[in-house]
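Coordinates from start-v7.txt are shown below (compact mmCIF, C-alpha atoms).
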# COMPACT_ATOMS: atom_id res chain seq x y z
CA ILE A 118 -48.38 140.74 160.25
CA GLU A 119 -52.13 141.01 159.78
CA THR A 120 -54.05 137.97 161.10
CA GLU A 121 -57.77 137.22 161.34
CA PHE A 122 -57.43 138.57 164.91
CA GLY A 123 -55.73 141.80 163.92
CA PRO A 124 -52.08 142.85 163.80
CA PHE A 125 -49.28 140.98 165.57
CA GLN A 126 -45.54 141.48 165.46
CA LEU A 127 -43.88 138.35 164.04
CA VAL A 128 -40.52 137.41 165.55
CA THR A 129 -38.65 134.36 164.21
CA TYR A 130 -36.10 132.18 165.99
CA ARG A 131 -33.78 129.50 164.61
CA ASP A 132 -32.97 126.54 166.88
CA ARG A 133 -29.18 126.11 166.81
CA ILE A 134 -29.36 122.39 167.62
CA ALA A 135 -32.19 121.09 165.44
CA HIS A 136 -32.20 124.09 163.04
CA ASP A 137 -36.00 124.34 163.38
CA LEU A 138 -37.69 127.68 162.82
CA HIS A 139 -39.93 128.91 165.66
CA PHE A 140 -42.32 131.87 165.67
CA ALA A 141 -43.51 134.35 168.26
CA LEU A 142 -46.61 136.41 167.57
CA VAL A 143 -46.57 139.44 169.86
CA ARG A 144 -49.46 141.82 170.54
CA GLY A 145 -48.77 145.04 172.44
CA THR A 146 -45.56 145.72 174.36
CA PRO A 147 -45.30 143.09 177.08
CA ASP A 148 -42.69 143.57 179.81
CA ALA A 149 -41.24 141.59 182.72
CA SER A 150 -43.09 143.48 185.47
CA THR A 151 -46.60 142.99 184.09
CA PRO A 152 -48.31 139.57 184.03
CA THR A 153 -48.55 138.72 180.34
CA LEU A 154 -50.92 136.33 178.58
CA VAL A 155 -48.83 133.64 176.83
CA ARG A 156 -49.20 130.33 175.07
CA VAL A 157 -46.26 128.12 174.06
CA HIS A 158 -47.76 125.95 171.33
CA VAL A 159 -46.12 122.97 169.65
CA GLU A 160 -47.05 122.94 165.99
CA ASN A 161 -49.69 120.31 165.14
CA PRO A 162 -50.77 120.16 161.49
CA LEU A 163 -53.95 118.25 162.36
CA ALA A 164 -55.14 121.04 164.66
CA ASP A 165 -53.41 124.07 163.15
CA LEU A 166 -54.05 123.39 159.45
CA LEU A 167 -57.15 121.21 159.51
CA HIS A 168 -58.67 122.91 162.60
CA TRP A 169 -59.42 119.46 164.01
CA ARG A 170 -60.65 119.79 167.60
CA ARG A 171 -59.62 117.00 169.98
CA GLU A 172 -59.10 117.10 173.72
CA ASP A 173 -55.61 115.57 173.49
CA PHE A 174 -54.52 118.36 171.09
CA GLY A 175 -54.85 120.97 173.85
CA VAL A 176 -55.56 124.63 173.20
CA ALA A 177 -55.90 125.53 169.51
CA SER A 178 -53.55 128.23 168.25
CA THR A 179 -56.54 130.21 166.95
CA ASP A 180 -58.12 130.18 170.42
CA ALA A 181 -54.88 131.50 171.91
CA LEU A 182 -54.63 134.27 169.29
CA ARG A 183 -58.25 135.24 169.94
CA LEU A 184 -57.65 135.51 173.72
CA ILE A 185 -54.50 137.55 173.21
CA ALA A 186 -56.26 139.89 170.77
CA GLU A 187 -59.15 140.36 173.22
CA ALA A 188 -56.68 141.15 176.03
CA GLY A 189 -54.84 143.61 173.78
CA GLU A 190 -51.46 142.19 174.78
CA GLY A 191 -49.71 138.83 174.89
CA VAL A 192 -47.53 136.33 173.09
CA LEU A 193 -48.14 133.12 171.18
CA VAL A 194 -44.97 131.08 170.67
CA VAL A 195 -45.25 128.41 167.98
CA LEU A 196 -42.54 125.79 168.22
CA SER A 197 -41.95 123.81 165.06
CA MET A 198 -41.83 120.07 165.21
CA PRO A 199 -40.27 117.84 162.56
CA ARG A 200 -43.01 116.29 160.44
CA ASP A 201 -42.98 112.57 159.96
CA GLY A 202 -45.63 111.55 157.44
CA GLU A 203 -45.92 108.01 158.81
CA ALA A 204 -46.33 109.23 162.40
CA LEU A 205 -48.97 111.70 161.21
CA LEU A 206 -50.91 108.93 159.44
CA GLU A 207 -50.60 106.77 162.55
CA ARG A 208 -52.06 109.56 164.64
CA LEU A 209 -54.93 110.01 162.17
CA ARG A 210 -55.72 106.29 162.30
CA ALA A 211 -55.53 106.26 166.11
CA GLY A 212 -58.51 108.59 166.36
CA SER A 213 -58.43 110.04 169.86
CA GLY A 214 -55.20 108.26 170.79
CA THR A 215 -51.75 109.80 170.69
CA ALA A 216 -49.76 107.11 168.91
CA SER A 217 -47.14 109.52 167.59
CA ASP A 218 -46.39 110.78 171.11
CA THR A 219 -45.09 107.48 172.38
CA GLY A 220 -41.67 105.94 172.16
CA LYS A 221 -38.03 106.71 172.78
CA GLY A 222 -36.80 110.28 172.72
CA LYS A 223 -40.11 111.79 173.81
CA ASP A 224 -38.76 113.14 177.11
CA ALA A 225 -35.63 114.63 175.52
CA GLY A 226 -37.72 116.29 172.81
CA GLN A 227 -40.17 117.64 175.39
CA TRP A 228 -37.34 119.14 177.46
CA ARG A 229 -35.80 120.72 174.36
CA ARG A 230 -39.16 122.27 173.37
CA ASN A 231 -39.79 123.55 176.91
CA GLY A 232 -36.33 125.10 176.94
CA ALA A 233 -36.82 126.72 173.54
CA GLY A 234 -40.16 128.19 174.63
CA ALA A 235 -38.65 129.57 177.85
CA GLN A 236 -35.69 131.09 175.97
CA ILE A 237 -38.01 132.80 173.50
CA LEU A 238 -40.25 134.25 176.24
CA SER A 239 -37.17 135.46 178.10
CA ASP A 240 -35.69 136.99 174.95
CA LEU A 241 -38.94 138.88 174.39
CA GLY A 242 -38.51 140.45 177.84
CA LEU A 243 -41.31 138.64 179.65
CA GLY A 244 -41.21 137.76 183.34
CA GLN A 245 -44.62 137.08 184.88
CA LEU A 246 -46.71 134.69 182.80
CA ARG A 247 -50.45 134.16 182.53
CA VAL A 248 -50.36 130.83 180.72
CA ILE A 249 -53.19 129.85 178.38
CA GLY A 250 -53.75 126.16 179.10
CA THR A 251 -54.15 123.66 181.89
CA PRO A 252 -51.94 123.79 184.98
CA ARG A 253 -48.83 121.64 184.74
CA LYS A 254 -45.53 121.37 186.51
CA GLN A 255 -43.06 123.83 185.00
CA ILE A 256 -39.43 123.12 185.80
CA GLY A 257 -36.56 125.51 185.21
CA LEU A 258 -38.50 128.64 184.28
CA ALA A 259 -36.92 130.65 187.10
CA GLY A 260 -33.54 130.13 185.43
CA PHE A 261 -34.87 132.25 182.55
CA GLY A 262 -36.39 134.88 184.84
CA LEU A 263 -39.90 133.55 184.21
CA GLN A 264 -42.68 132.86 186.71
CA VAL A 265 -46.17 131.45 186.08
CA VAL A 266 -48.61 133.61 188.06
CA GLU A 267 -51.87 132.28 186.58
CA TYR A 268 -53.36 129.68 184.24
CA VAL A 269 -56.09 130.90 181.87
CA HIS A 270 -58.57 128.51 180.26
CA ALA A 271 -59.25 128.99 176.57

Can the structure from this file be put into structure tokens for me?
Amino acid sequence: IETEFGPFQLVTYRDRIAHDLHFALVRGTPDASTPTLVRVHVENPLADLLHWRREDFGVASTDALRLIAEAGEGVLVVLSMPRDGEALLERLRAGSGTASDTGKGKDAGQWRRNGAGAQILSDLGLGQLRVIGTPRKQIGLAGFGLQVVEYVHA
């Protein structure tokens, strides 16, 4: 597909549990032996559609695409998240808070998203990852043949 940052290959994935549709935007021909610039991004309509910049939103998808385009190779995985209009309004009203991120089921949903992102990166043939974002504990990546070798700030 043609984006504002040039051409990317679009690969789609369907989650067999939640039936969500996830996207991978691939630039170049990444492989397992070469450290590859990646970002696993959970869809956020406030940041992705409205381009709202807030520290608690993390790296913007456009910033990740720009970095990947500049590098000439990399992958942006966009994981869909069910939209709940009331939770979205709550988050808008909370200003810089993260009201919609609290409550039961958060940990299970986070694990499922992490697993989906790892499966997609593995399916694309990646191995060594240069992750766009802040350092965080990554559990279970080795089971997918993935290893974080560097964190890159956007």

Within 12 Å of Ile118 in chain A, counting all atoms listed in the file, which residues show up once you throw out same-chain ones fewer than 4 positions away? Write them as an MDAnalysis selection string, please. chainID A and resid 122:128 141:144

Quick one: residues within 7 Å of Tyr130 in chain A, only C-alpha atoms counted, chain neighbours fewer than 3 positions away excluded, as a list in words?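 With the cut-off at 7 Å, the set is Leu138, His139 and Phe140 of chain A.
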
Give the padded box for range 153-156 of chain A as AutoDock Vina command-line options: axis-aligned, covering all atoms listed in the file, 8 Å on each side, centre and edge lengths in Å to one decimal.
--center_x -49.7 --center_y 134.5 --center_z 177.7 --size_x 18.4 --size_y 24.4 --size_z 21.3

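Take CA of Gly191 in chain A and CA of Arg253 in chain A: the distance between them is 19.8 Å.
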
Give the answer as one residue: which of A:Ile249, A:Val155, A:Leu163, A:Leu193 has the shortest atom-to-atom distance to Glu207 in chain A, using all atoms listed in the file? A:Leu163

Excluding same-chain residues fewer than 4 positions from Ser239 in chain A, what lies within 9 Å of it counting only C-alpha atoms, as a count of residues only? 8

Computed interatomic separation between CA of Thr153 in chain A and CA of Glu190 in chain A (Å):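 Interatomic distance here is 7.2 Å.
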
Under the rule that only C-alpha atoms are counted, which of A:Leu209, A:Val176, A:Val269, A:Gly145 is the nearest residue to Gly189 in chain A?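 Answer, going by the shortest atom-to-atom distance: A:Gly145.
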
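Of the listed residues (A:Glu160, A:Asp148, A:Asp165, A:Glu121), A:Asp148 comes nearest to Asp240 in chain A; the distances count all atoms listed in the file.
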
Measure the distance from CA of Arg170 in chain A to CA of Val157 in chain A in Å and round it to one decimal.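 Separation between CA of Arg170 in chain A and CA of Val157 in chain A: 17.8 Å.
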
With all atoms listed in the file as the basis for distance, which of A:Met198, A:His158, A:Ala233, A:Pro152 is at the shortest distance from Gly257 in chain A? A:Ala233

I'd like to know which of A:Arg247, A:Lys254, A:His270, A:Arg208 is closest to Asn161 in chain A, using only C-alpha atoms.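 Distance minimum relative to Asn161 in chain A lands on A:Arg208.
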
I need the residue nearest Asp137 in chain A from this list: A:Thr151, A:Thr179, A:Ser197, A:Thr120. Use all atoms listed in the file for the distance. A:Ser197
